[in-house]
Structures are given as C-alpha cells and as structure tokens.
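Source file: work-v3.pdb; contents: PDB, C-alpha atoms.
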ATOM      1  CA  MET A   1      24.905   2.228 -14.428  1.00  0.00           C
ATOM      2  CA  ARG A   2      27.051   2.534 -11.296  1.00  0.00           C
ATOM      3  CA  LYS A   3      30.185   1.702 -13.280  1.00  0.00           C
ATOM      4  CA  ILE A   4      29.448   4.507 -15.731  1.00  0.00           C
ATOM      5  CA  ALA A   5      28.918   6.986 -12.882  1.00  0.00           C
ATOM      6  CA  PHE A   6      32.218   5.976 -11.270  1.00  0.00           C
ATOM      7  CA  LEU A   7      33.936   6.231 -14.641  1.00  0.00           C
ATOM      8  CA  TRP A   8      32.654   9.796 -15.132  1.00  0.00           C
ATOM      9  CA  ILE A   9      33.659  10.807 -11.599  1.00  0.00           C
ATOM     10  CA  GLY A  10      37.103   9.322 -12.164  1.00  0.00           C
ATOM     11  CA  MET A  11      37.484  11.231 -15.452  1.00  0.00           C
ATOM     12  CA  VAL A  12      36.538  14.492 -13.722  1.00  0.00           C
ATOM     13  CA  PHE A  13      39.215  13.926 -11.055  1.00  0.00           C
ATOM     14  CA  ILE A  14      41.836  13.030 -13.646  1.00  0.00           C
ATOM     15  CA  LEU A  15      41.085  16.062 -15.794  1.00  0.00           C
ATOM     16  CA  SER A  16      40.939  18.433 -12.830  1.00  0.00           C
ATOM     17  CA  SER A  17      44.318  17.191 -11.592  1.00  0.00           C
ATOM     18  CA  CYS A  18      45.935  18.492 -14.804  1.00  0.00           C
ATOM     19  CA  GLN A  19      44.646  22.018 -14.219  1.00  0.00           C
ATOM     20  CA  GLN A  20      46.789  25.072 -13.666  1.00  0.00           C
ATOM     21  CA  LYS A  21      46.079  27.760 -11.123  1.00  0.00           C
ATOM     22  CA  ASN A  22      47.097  31.391 -11.565  1.00  0.00           C
ATOM     23  CA  ILE A  23      49.104  32.563  -8.572  1.00  0.00           C
ATOM     24  CA  TYR A  24      50.097  35.877 -10.142  1.00  0.00           C
ATOM     25  CA  SER A  25      48.809  38.061 -12.956  1.00  0.00           C
ATOM     26  CA  HIS A  26      49.676  41.720 -13.438  1.00  0.00           C
ATOM     27  CA  PHE A  27      49.584  44.023 -16.455  1.00  0.00           C
ATOM     28  CA  TYR A  28      51.090  47.449 -17.031  1.00  0.00           C
ATOM     29  CA  SER A  29      49.367  49.804 -19.460  1.00  0.00           C
ATOM     30  CA  ILE A  30      51.664  51.562 -21.907  1.00  0.00           C
ATOM     31  CA  PRO A  31      51.058  55.305 -22.419  1.00  0.00           C
ATOM     32  CA  THR A  32      49.691  56.407 -25.798  1.00  0.00           C
ATOM     33  CA  GLU A  33      52.996  58.089 -26.708  1.00  0.00           C
ATOM     34  CA  GLY A  34      54.639  54.655 -26.591  1.00  0.00           C
ATOM     35  CA  TRP A  35      56.914  52.400 -24.582  1.00  0.00           C
ATOM     36  CA  HIS A  36      60.128  54.254 -23.826  1.00  0.00           C
ATOM     37  CA  ALA A  37      63.391  52.325 -24.132  1.00  0.00           C
ATOM     38  CA  ASP A  38      64.322  53.205 -20.510  1.00  0.00           C
ATOM     39  CA  SER A  39      60.954  52.178 -19.049  1.00  0.00           C
ATOM     40  CA  VAL A  40      61.318  49.101 -16.820  1.00  0.00           C
ATOM     41  CA  MET A  41      58.275  47.142 -15.695  1.00  0.00           C
ATOM     42  CA  ASP A  42      58.704  45.409 -12.359  1.00  0.00           C
ATOM     43  CA  TYR A  43      56.550  42.363 -11.588  1.00  0.00           C
ATOM     44  CA  SER A  44      57.020  41.454  -7.908  1.00  0.00           C
ATOM     45  CA  ILE A  45      55.852  38.000  -6.881  1.00  0.00           C
ATOM     46  CA  GLU A  46      55.697  36.487  -3.411  1.00  0.00           C
ATOM     47  CA  ILE A  47      56.320  32.737  -3.728  1.00  0.00           C
ATOM     48  CA  GLU A  48      54.958  30.465  -1.021  1.00  0.00           C
ATOM     49  CA  ASP A  49      55.640  27.037  -2.578  1.00  0.00           C
ATOM     50  CA  SER A  50      59.056  26.680  -4.203  1.00  0.00           C
ATOM     51  CA  VAL A  51      58.699  22.919  -4.770  1.00  0.00           C
ATOM     52  CA  MET A  52      55.971  23.104  -7.425  1.00  0.00           C
ATOM     53  CA  ASN A  53      56.630  23.632 -11.123  1.00  0.00           C
ATOM     54  CA  HIS A  54      55.355  26.930 -12.479  1.00  0.00           C
ATOM     55  CA  GLU A  55      54.453  28.150 -15.940  1.00  0.00           C
ATOM     56  CA  VAL A  56      55.609  31.719 -16.600  1.00  0.00           C
ATOM     57  CA  LEU A  57      53.989  33.692 -19.429  1.00  0.00           C
ATOM     58  CA  ILE A  58      54.745  37.151 -20.755  1.00  0.00           C
ATOM     59  CA  VAL A  59      51.595  38.565 -22.336  1.00  0.00           C
ATOM     60  CA  LEU A  60      51.746  41.340 -24.923  1.00  0.00           C
ATOM     61  CA  ARG A  61      48.764  43.371 -26.100  1.00  0.00           C
ATOM     62  CA  HIS A  62      49.098  45.573 -29.167  1.00  0.00           C
ATOM     63  CA  THR A  63      47.185  47.306 -31.930  1.00  0.00           C
ATOM     64  CA  SER A  64      47.679  47.153 -35.677  1.00  0.00           C
ATOM     65  CA  GLN A  65      49.728  50.355 -35.265  1.00  0.00           C
ATOM     66  CA  TYR A  66      52.658  48.241 -34.068  1.00  0.00           C
ATOM     67  CA  PRO A  67      55.195  48.782 -36.903  1.00  0.00           C
ATOM     68  CA  TYR A  68      57.319  45.616 -36.688  1.00  0.00           C
ATOM     69  CA  GLN A  69      57.043  41.863 -37.196  1.00  0.00           C
ATOM     70  CA  ASN A  70      58.865  41.059 -33.954  1.00  0.00           C
ATOM     71  CA  LEU A  71      59.638  42.508 -30.534  1.00  0.00           C
ATOM     72  CA  TRP A  72      62.834  42.051 -28.533  1.00  0.00           C
ATOM     73  CA  LEU A  73      62.498  41.972 -24.745  1.00  0.00           C
ATOM     74  CA  PHE A  74      65.109  42.127 -22.008  1.00  0.00           C
ATOM     75  CA  VAL A  75      64.045  40.043 -19.003  1.00  0.00           C
ATOM     76  CA  ASP A  76      65.866  40.155 -15.669  1.00  0.00           C
ATOM     77  CA  GLU A  77      64.952  37.751 -12.875  1.00  0.00           C
ATOM     78  CA  TYR A  78      65.589  38.826  -9.294  1.00  0.00           C
ATOM     79  CA  VAL A  79      65.553  37.023  -5.977  1.00  0.00           C
ATOM     80  CA  GLY A  80      65.266  39.773  -3.430  1.00  0.00           C
ATOM     81  CA  ASP A  81      67.693  42.470  -4.646  1.00  0.00           C
ATOM     82  CA  MET A  82      70.011  40.105  -6.529  1.00  0.00           C
ATOM     83  CA  CYS A  83      69.735  39.563 -10.286  1.00  0.00           C
ATOM     84  CA  VAL A  84      69.956  35.804 -10.846  1.00  0.00           C
ATOM     85  CA  HIS A  85      69.293  35.612 -14.577  1.00  0.00           C
ATOM     86  CA  HIS A  86      69.326  37.959 -17.571  1.00  0.00           C
ATOM     87  CA  ASP A  87      67.614  36.927 -20.788  1.00  0.00           C
ATOM     88  CA  THR A  88      66.905  38.421 -24.193  1.00  0.00           C
ATOM     89  CA  ILE A  89      63.893  36.992 -25.973  1.00  0.00           C
ATOM     90  CA  GLU A  90      62.320  37.621 -29.342  1.00  0.00           C
ATOM     91  CA  ALA A  91      58.550  37.683 -29.696  1.00  0.00           C
ATOM     92  CA  GLN A  92      57.224  36.963 -33.189  1.00  0.00           C
ATOM     93  CA  MET A  93      54.285  39.356 -33.459  1.00  0.00           C
ATOM     94  CA  ALA A  94      53.314  38.676 -37.097  1.00  0.00           C
ATOM     95  CA  ASP A  95      53.930  36.014 -39.716  1.00  0.00           C
ATOM     96  CA  GLU A  96      55.846  36.551 -42.976  1.00  0.00           C
ATOM     97  CA  TYR A  97      52.651  37.897 -44.601  1.00  0.00           C
ATOM     98  CA  GLY A  98      52.064  40.519 -41.895  1.00  0.00           C
ATOM     99  CA  ARG A  99      49.187  38.672 -40.179  1.00  0.00           C
ATOM    100  CA  TRP A 100      49.165  39.185 -36.413  1.00  0.00           C
ATOM    101  CA  LEU A 101      49.824  36.004 -34.440  1.00  0.00           C
ATOM    102  CA  GLY A 102      47.874  37.022 -31.350  1.00  0.00           C
ATOM    103  CA  SER A 103      44.140  36.726 -30.829  1.00  0.00           C
ATOM    104  CA  GLY A 104      41.755  39.653 -31.065  1.00  0.00           C
ATOM    105  CA  LEU A 105      40.267  42.122 -33.508  1.00  0.00           C
ATOM    106  CA  LYS A 106      41.420  45.694 -32.757  1.00  0.00           C
ATOM    107  CA  THR A 107      43.710  44.823 -29.876  1.00  0.00           C
ATOM    108  CA  TYR A 108      45.708  41.635 -30.205  1.00  0.00           C
ATOM    109  CA  GLU A 109      46.873  39.545 -27.263  1.00  0.00           C
ATOM    110  CA  LEU A 110      49.944  37.367 -27.645  1.00  0.00           C
ATOM    111  CA  PRO A 111      50.962  35.101 -24.740  1.00  0.00           C
ATOM    112  CA  LEU A 112      54.639  34.121 -24.817  1.00  0.00           C
ATOM    113  CA  LEU A 113      55.703  31.029 -22.933  1.00  0.00           C
ATOM    114  CA  TYR A 114      58.756  32.184 -20.993  1.00  0.00           C
ATOM    115  CA  ASP A 115      59.209  28.907 -19.098  1.00  0.00           C
ATOM    116  CA  GLU A 116      56.900  25.897 -18.925  1.00  0.00           C
ATOM    117  CA  HIS A 117      58.531  24.197 -15.910  1.00  0.00           C
ATOM    118  CA  TYR A 118      59.993  27.060 -13.898  1.00  0.00           C
ATOM    119  CA  ARG A 119      61.057  26.320 -10.339  1.00  0.00           C
ATOM    120  CA  PHE A 120      61.595  29.186  -7.960  1.00  0.00           C
ATOM    121  CA  GLY A 121      64.698  28.391  -5.910  1.00  0.00           C
ATOM    122  CA  HIS A 122      63.050  29.193  -2.594  1.00  0.00           C
ATOM    123  CA  SER A 123      60.000  30.882  -1.173  1.00  0.00           C
ATOM    124  CA  GLY A 124      59.907  34.630  -0.702  1.00  0.00           C
ATOM    125  CA  ALA A 125      60.243  37.718  -2.874  1.00  0.00           C
ATOM    126  CA  HIS A 126      60.981  37.229  -6.575  1.00  0.00           C
ATOM    127  CA  SER A 127      60.589  39.639  -9.455  1.00  0.00           C
ATOM    128  CA  PHE A 128      60.761  39.844 -13.216  1.00  0.00           C
ATOM    129  CA  LYS A 129      61.845  43.147 -14.752  1.00  0.00           C
ATOM    130  CA  LEU A 130      61.006  43.719 -18.413  1.00  0.00           C
ATOM    131  CA  ARG A 131      61.986  46.394 -20.897  1.00  0.00           C
ATOM    132  CA  GLN A 132      61.731  46.628 -24.627  1.00  0.00           C
ATOM    133  CA  GLY A 133      64.883  45.952 -26.612  1.00  0.00           C
ATOM    134  CA  MET A 134      64.004  47.517 -29.946  1.00  0.00           C
ATOM    135  CA  ARG A 135      66.251  50.089 -31.608  1.00  0.00           C
ATOM    136  CA  THR A 136      63.791  52.908 -31.122  1.00  0.00           C
ATOM    137  CA  GLU A 137      63.396  55.277 -28.200  1.00  0.00           C
ATOM    138  CA  TRP A 138      59.570  55.251 -28.287  1.00  0.00           C
ATOM    139  CA  LEU A 139      57.906  52.016 -29.331  1.00  0.00           C
ATOM    140  CA  LYS A 140      54.365  52.625 -30.604  1.00  0.00           C
ATOM    141  CA  GLY A 141      51.459  50.170 -30.794  1.00  0.00           C
ATOM    142  CA  ILE A 142      52.033  48.169 -27.596  1.00  0.00           C
ATOM    143  CA  THR A 143      49.130  48.776 -25.200  1.00  0.00           C
ATOM    144  CA  ASP A 144      49.800  46.430 -22.259  1.00  0.00           C
ATOM    145  CA  VAL A 145      52.536  44.113 -21.011  1.00  0.00           C
ATOM    146  CA  GLY A 146      51.849  41.486 -18.380  1.00  0.00           C
ATOM    147  CA  VAL A 147      53.327  38.542 -16.533  1.00  0.00           C
ATOM    148  CA  VAL A 148      51.225  35.541 -15.538  1.00  0.00           C
ATOM    149  CA  VAL A 149      52.535  32.770 -13.277  1.00  0.00           C
ATOM    150  CA  LYS A 150      50.603  29.506 -12.916  1.00  0.00           C
ATOM    151  CA  VAL A 151      51.193  26.516 -10.671  1.00  0.00           C
ATOM    152  CA  ARG A 152      51.391  23.286 -12.657  1.00  0.00           C
ATOM    153  CA  TYR A 153      49.750  20.414 -10.795  1.00  0.00           C
TER
END
If you took the structure in this file and wrote it as structure tokens, what would it be?
Amino acid sequence: MRKIAFLWIGMVFILSSCQQKNIYSHFYSIPTEGWHADSVMDYSIEIEDSVMNHEVLIVLRHTSQYPYQNLWLFVDEYVGDMCVHHDTIEAQMADEYGRWLGSGLKTYELPLLYDEHYRFGHSGAHSFKLRQGMRTEWLKGITDVGVVVKVRY
C-alpha cells in the first residue's frame, strides 16, 4: 500500500514539473468597424528570468463574419526601443471547406504558436508589436487579438 502511495505522489510531481505558467496575457479588443491596417497593438512584457524557455502564443478571436480563410500578421519584436526581429506569419483561420479551425460557437478562438522555445536575450523590457497584413484597409470579423507568454518548466 505504501509503494502505491509513493508511486502516486511521484507521478503527481512528475506531471506537475511539465506544467507551464502564464507570465503574461493581454488582449486588445477590435472596434466593431474593424481592424485598421495602420493599427498597431503593443504588448509590453517585463522579463525577470531570461534563462528559462518560454512559449509565445498569438491568440485570435473572430466571428463568422471574417471574410477570409487566412490572416497575415506582421510581428515586430523589440528589446527596449530597438527592433530585434521582424516576422510575417500566416494564420490559417479555416480549412479548405470553410470550417473555422478555432474553438467556439459564435466567437472562435484560434491560438497560434509563435515560438515554442523562445528565449529572451536578457531580463527587462521586451515588446511584441502586431498589425494585420491583409490587403484591406478595414478588416472585419476579428474581435480580439492577444499575446500569451508561458514559462516552460
């Protein structure tokens, strides 16, 4: 009986060691008229531990009024005031049959893995700046855009 109890306690410790802890989560709501092409969302993060691996997610929320199958995003990473990386990513919002890939009923949430093992170069102020990269001035159907950063243990 004691061996079984120790086995269960050991399993709990092993499983809890693989957990992730959110260190940052922020969402911007998009106005009902849409997401303007010039609108930049700034996610400022204060990093205390630059040694740990982090998981960085970009989370999109949208309605069925979103008119496209994909969404292009421009992502700029800053350390302090200096841009250290510029990226263009494509988010697949729907499959080839038009079924939304996110979860939800009236509002769909689609988490995009930006980087699974991101390492911040040093502690201090970091930021991610996002803007939509579609060929339309006002992008309809997107309701919220967020960034979530988790520590990977």
Neighbour list for Asn22 of chain A as a VMD selection string, cut-off 7 Å, only C-alpha atoms, skip fewer than 6 positions in-chain
chain A and resid 149 to 151
Near Asp87 of chain A, counting all atoms listed in the file, which residues have an atom at most 8 Å away, once you skip same-chain residues fewer than 3 positions from it, shown as JSON, numbers by chain?
{"A": [74, 75, 76]}
What does the PyMOL selection byres ((chain A and resi 94) around 12) select in this file, as a ChimeraX atom specification?
/A:62-64,66-71,90-93,95-103,108-110
Record the distance separating atom CA of Leu113 of chain A and atom CA of Tyr153 of chain A, expressed in Å with one decimal.
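Separation of atom CA of Leu113 of chain A and atom CA of Tyr153 of chain A: 17.2 Å.
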In Å, with one decimal, what is the gap from atom CA of Phe27 of chain A to atom CA of Val51 of chain A?
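Rounded to one decimal, the two atoms are 25.8 Å apart.
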Target residues per the PyMOL selection byres ((chain A and resi 30) around 12), formatted as a list in words:
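Answer for the PyMOL selection byres ((chain A and resi 30) around 12): Phe27, Tyr28, Ser29, Pro31, Thr32, Glu33, Gly34, Trp35, His36, Ala37, Ser39, Val40, Met41, Leu60, Arg61, His62, Thr63, Arg131, Gln132, Trp138, Leu139, Lys140, Gly141, Ile142, Thr143, Asp144, Val145 and Gly146 of chain A.
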